[in-house]
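These notes concern the structure reproduced below.
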Amino acid sequence: MNATLIAVALSLVSAGAYAAAAVAQSRLAGRTDPSTGILRLLGRGAWWSAVGLNAGGALLHVAALNYGPLTLVQPLGALTLVAAVPLGARAAGRRVGRTEWRGTVLTLLGLGALLLTAGGSAPHETLTLPAALGVGAATMAVVAGLSRPGARPGLRHAAASGITSGVASALTQTLTVAVTDHSGGPLFSWRLLTVALLVSAFAMGGLLLSQTAYRGGLGAPLAVVTLANPVAAAAIGLALLGERLQGGPVSLVLALLGTAAAVRGVILLSRAQAHATDPGEAAAPPVPVVDPVPSRLVIGSPRRADGTPLGVEPLAAARAGGPSHP
């Protein structure tokens with residue numbers, strides 16, 4: 001089978017696993033108090049289910065990176081949001097809306113255009129140790145800036161999660177190509193060990209940042225993660241790994257149009273998801289029912305001849321608006 005087809009097939013299954021993990025994380029975040037620490041999460045089965053789904057998606061993603069370049073594999077990550085639409089709707093017990101279908105179609109059309117322009121050859125270039133350290137330092141600086149206290153932490157954490165995941169994918173490709181290279185180089189070296197540590201740190205950081213981002217809902221944070229991930233990975237691929245778009249100026253225009261369509265589709269999906277997951281207006285507090293006759297009855301209290309306690313207007317007189325008795 002063609003390497004490009006293998007990369008696409010593995011990316012599709014990986015996107016499905018990531019989508020299921022995102023839905024599971026969102027449901028867990030909705031049931032978890034914001035002050036809950038990491039140790040509390042480690043004791044919950046739902047958390048480990050999400051971790052398992054993410055791990056499965058990551059393994060499939062790593063396999064796809066062995067057959068296709070970053071500019072091909074990473075944009076297919078947008079299918080995570082496409083797959084999350086029916087999964088999230090089913091989990092919420094509702095149907096997929098018209099806006100969600102429009103977003104899905106636009107996203108798929110945009111990804112189709114990008115697939116026509118992406119280079120289909122298997123990757124061969126790898127990051128040097130200084131380049132890997134530079135990418136890691138720049139990523140940590142960006143994540144530190146996005147994680148600072150301030151307004152809209154959910155979207156900023158989602159952007160940080162997408163960037164760290166995209167960088168982890170780029171570093172993973174370097175690790176995969178270096179390990180599977182049969183040129184006779186050493187299997188264990190300082191470069192590979194450093195890259196492996198960076199991959200582990202960024203992958204776990206991306207998972208924890210996404211869990212924090214999903215506390216405000218699934219739609220908008222997942223859309224930001226979906227867009228930031230391929231942008232970060234493709235930037236590394238084009239700038240440091242020698243990847244290029246094939247087809248010349250015409251393909252560049254097609255890639256730009258495809259990117260615009262995919263971004264528009266993701267925005268529509270995020271808006272629809274945010275609208276579907278927004279909690280409704282808080283119910284008005286129940287209005288207390290005031291008894292027309294004050295219930296100050298005390299057992300053994302003095303009563304009138306008609307049985308009405310002293311200090312309380314007779315029921316018939318109160319309802320009729322009659323005069324009160326002294």
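We label chains A, B, ... in the order they appear in the structure tokens, count residues from 1 in each chain, and number ligands from 1 in the order shown.
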Selection near Leu238 of chain A, 12 Å with only C-alpha atoms, sequence-local residues under 2 positions removed, as JSON, numbers by chain: {"A": [69, 70, 71, 72, 118, 119, 125, 170, 230, 231, 232, 233, 234, 235, 236, 240, 241, 242, 243, 244, 245]}
Please, which residues in segment 154-199 of chain A fall within 10 Å of segment 48-64 of chain A when counting only C-alpha atoms, and what is the closest atom pair and distance in Å to one decimal for each, ordered by chain then residue number, as a Markdown table?
```
| residue | atom | partner | partner_atom | distance |
| --- | --- | --- | --- | --- |
| A:Ser165 | CA | A:Ala58 | CA | 9.9 |
| A:Ser169 | CA | A:Val62 | CA | 7.5 |
| A:Ala170 | CA | A:Val62 | CA | 9.9 |
| A:Thr172 | CA | A:Val62 | CA | 6.8 |
| A:Gln173 | CA | A:Val62 | CA | 7.1 |
| A:Leu175 | CA | A:Val62 | CA | 9.6 |
| A:Thr176 | CA | A:Val62 | CA | 7.4 |
```
task: Give the answer as one residue: which of A:Pro123, A:Gly134, A:Gly248, A:Pro153 has the shortest atom-to-atom distance to Leu65 of chain A, using only C-alpha atoms?
output: A:Pro123
query: Using only C-alpha atoms, which residue out of A:Leu106, A:Val143, A:Ala78, A:Leu10 lies closest to Ala260 of chain A?
result: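 Using only C-alpha atoms, the shortest distance to Ala260 of chain A belongs to A:Leu106.
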- request: Could you jot down the atom CA of Arg215 of chain A to atom CA of Ala29 of chain A separation for me, Å, one decimal place?
  value: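 If I compute the distance from atom CA of Arg215 of chain A to atom CA of Ala29 of chain A, I get 5.0 Å.
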Tell me which protein, DNA and RNA residues are within 7 Å of Ala15 of chain A, counting only C-alpha atoms, leaving out same-chain ones fewer than 2 positions away, and put them as a compact mmCIF listing (two decimals) with N, CA and C atoms, in the first residue's frame.
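out05.txt was written with the following content:
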```txt
# COMPACT_ATOMS: atom_id res chain seq x y z
N SER A 11 -4.11 8.11 10.53
CA SER A 11 -4.53 9.40 11.08
C SER A 11 -6.03 9.45 11.33
N LEU A 12 -6.81 8.81 10.47
CA LEU A 12 -8.26 8.78 10.66
C LEU A 12 -8.63 8.04 11.95
N VAL A 13 -8.03 6.88 12.15
CA VAL A 13 -8.33 6.12 13.37
C VAL A 13 -7.81 6.87 14.60
N ALA A 17 -9.88 8.19 18.03
CA ALA A 17 -9.49 7.94 19.42
C ALA A 17 -9.34 9.24 20.20
N TYR A 18 -8.72 10.23 19.58
CA TYR A 18 -8.58 11.53 20.25
C TYR A 18 -9.93 12.19 20.50
N ALA A 19 -10.87 12.03 19.56
CA ALA A 19 -12.20 12.62 19.75
C ALA A 19 -12.92 11.97 20.93
N GLY A 57 -4.60 6.96 20.62
CA GLY A 57 -4.51 7.92 19.52
C GLY A 57 -3.07 8.35 19.26
N GLY A 77 -5.51 16.06 11.96
CA GLY A 77 -5.96 16.14 13.35
C GLY A 77 -7.24 16.93 13.50
N LEU A 79 -9.82 16.36 12.06
CA LEU A 79 -10.91 15.38 12.07
C LEU A 79 -11.30 14.98 13.49
N THR A 80 -10.45 15.30 14.46
CA THR A 80 -10.81 15.04 15.85
C THR A 80 -12.09 15.80 16.22
```
9 Å contact set for Gly136 of chain A, only C-alpha atoms, chain neighbours under 5 positions out, as a ChimeraX atom specification: /A:131,141,167,198,202
Please produce an output containing C-alpha atoms for each residue in the selection, written as an mmCIF file, in the first residue's frame.
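Wrote it out as part-v1.cif, contents follow:
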```
data_model
loop_
_atom_site.group_PDB
_atom_site.id
_atom_site.type_symbol
_atom_site.label_atom_id
_atom_site.label_comp_id
_atom_site.auth_asym_id
_atom_site.auth_seq_id
_atom_site.Cartn_x
_atom_site.Cartn_y
_atom_site.Cartn_z
ATOM 1 C CA ALA A 131 17.402 22.507 17.132
ATOM 2 C CA ALA A 141 8.365 30.124 26.986
ATOM 3 C CA VAL A 167 5.639 20.202 19.082
ATOM 4 C CA LEU A 198 10.928 16.395 25.600
ATOM 5 C CA PHE A 202 5.145 17.977 26.162
#
```
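Considering only C-alpha atoms, the residue among A:Val8, A:Ala178, A:Val82, A:Ala223 positioned nearest to Thr107 of chain A is A:Val82.
Of the listed residues (A:Asn229, A:Thr174, A:Ser251, A:Ser200), A:Thr174 comes nearest to Leu129 of chain A; the distances count only C-alpha atoms.
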task: To one decimal in Å, tell me the separation between atom CA of Thr104 of chain A and atom CA of Val266 of chain A.
output: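 Going from atom CA of Thr104 of chain A over to atom CA of Val266 of chain A covers 7.7 Å.
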task: For atom CA of Ala262 of chain A and atom CA of Ala24 of chain A, quote the distance in Å rounded to one decimal.
output: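 Between atom CA of Ala262 of chain A and atom CA of Ala24 of chain A the gap is 24.4 Å.
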field: Which of segment 35-133 of chain A DSSP labels helix (DSSP H, G or I), written as a PyMOL selection string
entry: chain A and resi 38-42+45-65+70-92+98-117+129-133
- prompt: Looking at A:Val177, A:Ala138, A:Leu171, A:Leu116, which one is nearest to Tyr67 of chain A, with distances taken over only C-alpha atoms?
  reply: A:Val177
- request: Check the smallest atom-to-atom distance from each of A:Ala272, A:Ala9, A:Leu207, A:Ile163 to Trp47 of chain A using only C-alpha atoms, then report the winner.
  value: A:Leu207
